[in-house]
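**Q** Handing you this structure, nothing more for now.
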Amino acid sequence: MSKTRNVYLIPYVFWIILFVAAPILLIVYYSFFNIEGDFSFENYQKFFTPVYMKMTISSFWYAFLITAFSLLIAYPAAYILTKTKHKQLWLLLIILPSWINLLLKAYAFIGIFGTYGAANAFLEAVGIGTKQILFTDFSFIFVSVYIFIPFMILPIYNALEEMNPSLISASRDLGASAWTTFKKVIFPLTLDGVKSGCQAVFIPALSLFMLTRLIAGNRVITLGTAIEQHFLVTMDWGMGSTIAVFLIIIMVVIMVITGSRKRGL
Amino acid sequence: MRKNGKLANVYLAAVFIILYAPIFYLMYYSFNSGGTMHDFKGFTWEWYKEVFHDTRLFIIVLNTLIIALLSAAISTILGVIGAIAIANVKKNQTKNTLLSFNNVLIVSPDVIIGASFLILFTMIGLKLGFMSVLLSHIAFSVPIVVIMVLPKLQEMSSSLIDAAKDLGASRWDVLSKVILPYITPGIFAGFFMALTYSLDDFAVTFFVTGNGFSTLSVEIYSMARQGISLTINALSTLIFLFTMILVVGYYFINQRNMKAGRMGVRK
């Protein structure tokens, strides 16, 4: 049995080499060429100048805010969800919006947050008056959180479901308050779900570029926006690759920190 | 278990409303004769008519569907081969290495996949357009199929294969009569996943699509950048309905498979 050769490996490894290994190597290779096409470390020097550093830090800050808000909203939602009747159905309904093209949802918010949109109509009715909502940091973070919430709820929900409910009863029987039970029992036990949720939100949040263009009106520049800009607008593939190299490094670091769990498919 | 308090239900309801509000907002205004996403003037089918009369848009929809179906079909074949390959590897270390390589494209941000494929295709000398989009969709769908199929293969007992071989089945017989029927639910799940990923993809396609070839999401992006046009609303409503049908279909196939799974191996 073990002597039969594994012929299935041939096409599969071919795919890995062509579409996984080669692209990464090419990105690294291109990062050593400046805009004139000469071999140099110029791009790396440029990356450590204040312009790019500031961009990286702000990109991190936005991704952090988006992850934090998603977690804050998703955790209670996932928790309540596990307690509902027909929870499978409700979960499906939570996930359903994530199957709808991201651009359509972003486009809807252009209407809602627009000068005469629903959000401003509401503010007007409450007596606050119209505000510029579209093309602000607020709108960018709001829409991003909106898009990522299902990806945060799903892993947390799964973690909560896997938890043994008798542990909660035990904790309550031993006199722990609801808050202590949550802090000492529920949260630590669902930490894996929280981690994979954060991973599923933080990395894409660093690299979103269409939202910055559509909703933030180019005011927010993330690493993803910068890569897109360098590749498709200024055609400076070298610098774009350098940023991509750093994004890959950051991604690997985050995955090591949050454990190697896969994104909840 | 404890029942939810009132506050909890209100919270959950709020999350649901926020999740669905933009989608219904979009649909509602697709019938606005006023032509804007505010001030509903009157009911009209005008924007839907425009969608159906726009030949360019029709070609783009067709492109999107062809790319999705072709890439899903090819990546399902490749993914199944990949999953069998991984399942057949005996050494744990090799298996883990293969799995890590497999997951790279799942966890990578779309921009990086898009940018690196753009470099790759340019290096090879492939003209950007239909082929480059198709190849990249196949490339990022393969690992998804592998992940959907692999668990099915792992739960299959190897004695089934040994028995077939003892009874004189050839390698092809083992594959077509034993392995494939057993993992069919995983294959279907993988195919549907690949299909939705392909239909949904924007960022990767945006990088590798040249001039003259466009898919729906790329088209929506360029339309949305120019501002509000209710044709997009009408189009999104149609896409939304289509997605719903796909999801419901997927859900029922899954349900049926689960039932069949409980009853044992399918015929």
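By convention here, the chains of the structure tokens are called A, B, ... in the order presented, each chain's residues are numbered starting at 1, and ligands are numbered starting at 1 in the order presented.
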Write out as a ChimeraX atom specification which residues come within 10 Å of Thr56 of chain A when counting only C-alpha atoms, dropping same-chain ones fewer than 6 positions away.

**A** /A:47-48,50,206,221-223,226,243,246-247

**Q** For N, CA and C atoms, I'd like the residues from the last selection saved as a CSV table (one decimal), in the first residue's frame.

**A**
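Output (part05.csv):
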```csv
chain,number,residue,atom,x,y,z
A,47,PHE,N,10.7,53.0,3.0
A,47,PHE,CA,9.6,52.5,3.9
A,47,PHE,C,9.8,53.1,5.4
A,48,PHE,N,11.1,53.2,5.7
A,48,PHE,CA,11.3,53.7,7.1
A,48,PHE,C,11.4,55.2,7.2
A,50,PRO,N,9.4,58.9,7.6
A,50,PRO,CA,8.2,59.3,8.4
A,50,PRO,C,6.9,59.1,7.6
A,206,LEU,N,-6.4,45.8,7.7
A,206,LEU,CA,-5.2,46.5,7.3
A,206,LEU,C,-5.1,46.7,5.8
A,221,ILE,N,-5.7,56.3,4.6
A,221,ILE,CA,-4.8,55.5,3.7
A,221,ILE,C,-4.3,54.3,4.6
A,222,THR,N,-4.8,53.1,4.2
A,222,THR,CA,-4.3,51.9,4.8
A,222,THR,C,-3.2,51.3,4.0
A,223,LEU,N,-2.5,50.3,4.5
A,223,LEU,CA,-1.5,49.6,3.8
A,223,LEU,C,-2.0,49.1,2.5
A,226,ALA,N,-2.3,51.8,0.0
A,226,ALA,CA,-1.0,52.1,-0.6
A,226,ALA,C,-0.5,51.1,-1.6
A,243,ILE,N,5.9,47.3,0.5
A,243,ILE,CA,4.8,47.4,1.4
A,243,ILE,C,4.1,46.1,1.6
A,246,PHE,N,6.0,43.9,3.9
A,246,PHE,CA,5.8,44.2,5.3
A,246,PHE,C,4.4,43.8,5.8
A,247,LEU,N,3.5,43.9,4.9
A,247,LEU,CA,2.1,43.4,5.3
A,247,LEU,C,2.1,41.9,5.5
```

**Q** Using only C-alpha atoms, I'd like every residue of chain A that has an atom within 6 Å of chain B; please write them out as a list in words.

**A**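 In the required form, that comes to Tyr8, Leu9, Tyr12, Pro23, Ile27, Ala77, Asn101, Ala108, Gly111, Gly117 and Pro204 of chain A.
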
**Q** Would you mind listing what lies within 12 Å of segment 35-40 of chain A as a PyMOL selection string, with only C-alpha atoms counted and same-chain residues fewer than 3 positions away left out?

**A** chain A and resi 29-32+43-46+230-231+234-242

**Q** In Å, with one decimal, what is the gap from atom CA of Ile187 of chain B to atom CA of Val174 of chain B?

**A** 16.8 Å

**Q** Please extract the residues of segment 167-222 of chain B with a backbone DSSP assignment of helix (DSSP H, G or I) and present them as JSON, numbers by chain.

**A** {"B": [171, 172, 173, 174, 175, 176, 177, 178, 179, 180, 181, 182, 183, 184, 185, 186, 187, 188, 189, 190, 191, 192, 193, 194, 195, 196, 197, 198, 199, 200, 203, 204, 205, 206, 207, 208, 216, 217, 218, 219, 220, 221, 222]}

**Q** Residues at most 9 Å from segment 128-135 of chain A, counting only C-alpha atoms, excluding those fewer than 2 positions away in the same chain, as a PyMOL selection string?

**A** chain A and resi 109-110+112-116+119-126+137-140+212-220

**Q** How many Å separate atom CA of Phe19 of chain A from atom CA of Ile203 of chain A?

**A**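 Computing the Euclidean distance for atom CA of Phe19 of chain A and atom CA of Ile203 of chain A yields 20.5 Å.
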
**Q** Extract, using only C-alpha atoms, all DNA, RNA and protein residues at most 9 Å from Gly197 of chain A, discarding same-chain residues fewer than 3 positions from it, and format them as a PyMOL selection string.

**A** chain A and resi 67+71+151-156+192-194+200-202+263-264

**Q** For the residues selected in the previous step, produce a file with C-alpha atoms as a CSV table (one decimal), in the first residue's frame.

**A**
```csv
chain,number,residue,atom,x,y,z
A,67,THR,CA,-11.3,45.0,15.5
A,71,LEU,CA,-15.4,42.5,19.2
A,151,PHE,CA,-16.8,37.2,10.8
A,152,MET,CA,-16.4,38.1,14.4
A,153,ILE,CA,-19.7,36.6,15.6
A,154,LEU,CA,-19.2,33.2,13.9
A,155,PRO,CA,-16.0,32.0,15.7
A,156,ILE,CA,-17.1,33.4,19.0
A,192,ASP,CA,-9.8,30.8,21.1
A,193,GLY,CA,-12.9,32.0,19.3
A,194,VAL,CA,-12.1,35.6,20.1
A,200,ALA,CA,-10.3,37.3,10.7
A,201,VAL,CA,-10.9,41.0,11.2
A,202,PHE,CA,-7.6,42.6,11.8
A,263,ARG,CA,-10.2,31.9,9.3
A,264,GLY,CA,-13.8,30.7,9.9
```

**Q** Got a sec: who's within 12 Å of Lys87 of chain A, counting only C-alpha atoms, leaving out chain neighbours fewer than 4 positions off, as a ChimeraX atom specification?

**A** /A:77-83,91-94,157-158,161 /B:12

**Q** Could you save the residues just selected, with N, CA, C and O atoms, as an mmCIF file, in the first residue's frame?

**A**
```cif
data_model
loop_
_atom_site.group_PDB
_atom_site.id
_atom_site.type_symbol
_atom_site.label_atom_id
_atom_site.label_comp_id
_atom_site.auth_asym_id
_atom_site.auth_seq_id
_atom_site.Cartn_x
_atom_site.Cartn_y
_atom_site.Cartn_z
ATOM 1 N N ALA A 77 -23.582 39.816 21.107
ATOM 2 C CA ALA A 77 -24.514 39.280 20.110
ATOM 3 C C ALA A 77 -24.376 37.768 20.005
ATOM 4 O O ALA A 77 -25.368 37.039 20.009
ATOM 5 N N ALA A 78 -23.122 37.281 19.945
ATOM 6 C CA ALA A 78 -22.898 35.835 19.844
ATOM 7 C C ALA A 78 -23.427 35.139 21.090
ATOM 8 O O ALA A 78 -24.034 34.073 21.017
ATOM 9 N N TYR A 79 -23.197 35.781 22.243
ATOM 10 C CA TYR A 79 -23.628 35.182 23.511
ATOM 11 C C TYR A 79 -25.150 35.055 23.554
ATOM 12 O O TYR A 79 -25.693 34.001 23.876
ATOM 13 N N ILE A 80 -25.835 36.139 23.209
ATOM 14 C CA ILE A 80 -27.297 36.104 23.228
ATOM 15 C C ILE A 80 -27.813 35.086 22.205
ATOM 16 O O ILE A 80 -28.766 34.362 22.453
ATOM 17 N N LEU A 81 -27.113 35.038 21.081
ATOM 18 C CA LEU A 81 -27.499 34.126 20.010
ATOM 19 C C LEU A 81 -27.528 32.670 20.481
ATOM 20 O O LEU A 81 -28.427 31.905 20.127
ATOM 21 N N THR A 82 -26.536 32.291 21.299
ATOM 22 C CA THR A 82 -26.481 30.900 21.744
ATOM 23 C C THR A 82 -27.652 30.566 22.658
ATOM 24 O O THR A 82 -27.925 29.406 22.906
ATOM 25 N N LYS A 83 -28.310 31.604 23.179
ATOM 26 C CA LYS A 83 -29.397 31.361 24.134
ATOM 27 C C LYS A 83 -30.774 31.389 23.477
ATOM 28 O O LYS A 83 -31.778 31.155 24.124
ATOM 29 N N LEU A 91 -28.394 32.199 13.380
ATOM 30 C CA LEU A 91 -26.994 32.283 12.968
ATOM 31 C C LEU A 91 -26.900 32.417 11.451
ATOM 32 O O LEU A 91 -26.146 33.241 10.930
ATOM 33 N N LEU A 92 -27.709 31.633 10.762
ATOM 34 C CA LEU A 92 -27.719 31.705 9.300
ATOM 35 C C LEU A 92 -28.086 33.120 8.852
ATOM 36 O O LEU A 92 -27.498 33.674 7.930
ATOM 37 N N LEU A 93 -29.058 33.711 9.557
ATOM 38 C CA LEU A 93 -29.485 35.064 9.192
ATOM 39 C C LEU A 93 -28.396 36.095 9.472
ATOM 40 O O LEU A 93 -28.286 37.097 8.771
ATOM 41 N N ILE A 94 -27.595 35.848 10.503
ATOM 42 C CA ILE A 94 -26.472 36.765 10.800
ATOM 43 C C ILE A 94 -25.420 36.650 9.701
ATOM 44 O O ILE A 94 -24.816 37.638 9.288
ATOM 45 N N TYR A 157 -19.296 32.524 18.447
ATOM 46 C CA TYR A 157 -20.479 31.675 18.610
ATOM 47 C C TYR A 157 -20.058 30.205 18.709
ATOM 48 O O TYR A 157 -20.498 29.483 19.610
ATOM 49 N N ASN A 158 -19.164 29.781 17.800
ATOM 50 C CA ASN A 158 -18.720 28.383 17.819
ATOM 51 C C ASN A 158 -18.023 28.044 19.132
ATOM 52 O O ASN A 158 -18.244 26.977 19.705
ATOM 53 N N GLU A 161 -20.546 27.694 21.843
ATOM 54 C CA GLU A 161 -21.300 26.462 21.701
ATOM 55 C C GLU A 161 -20.521 25.248 22.183
ATOM 56 O O GLU A 161 -21.096 24.297 22.709
ATOM 57 N N LEU B 12 -30.062 42.082 20.331
ATOM 58 C CA LEU B 12 -29.944 41.201 19.163
ATOM 59 C C LEU B 12 -30.765 41.750 17.995
ATOM 60 O O LEU B 12 -30.306 41.765 16.850
#
```
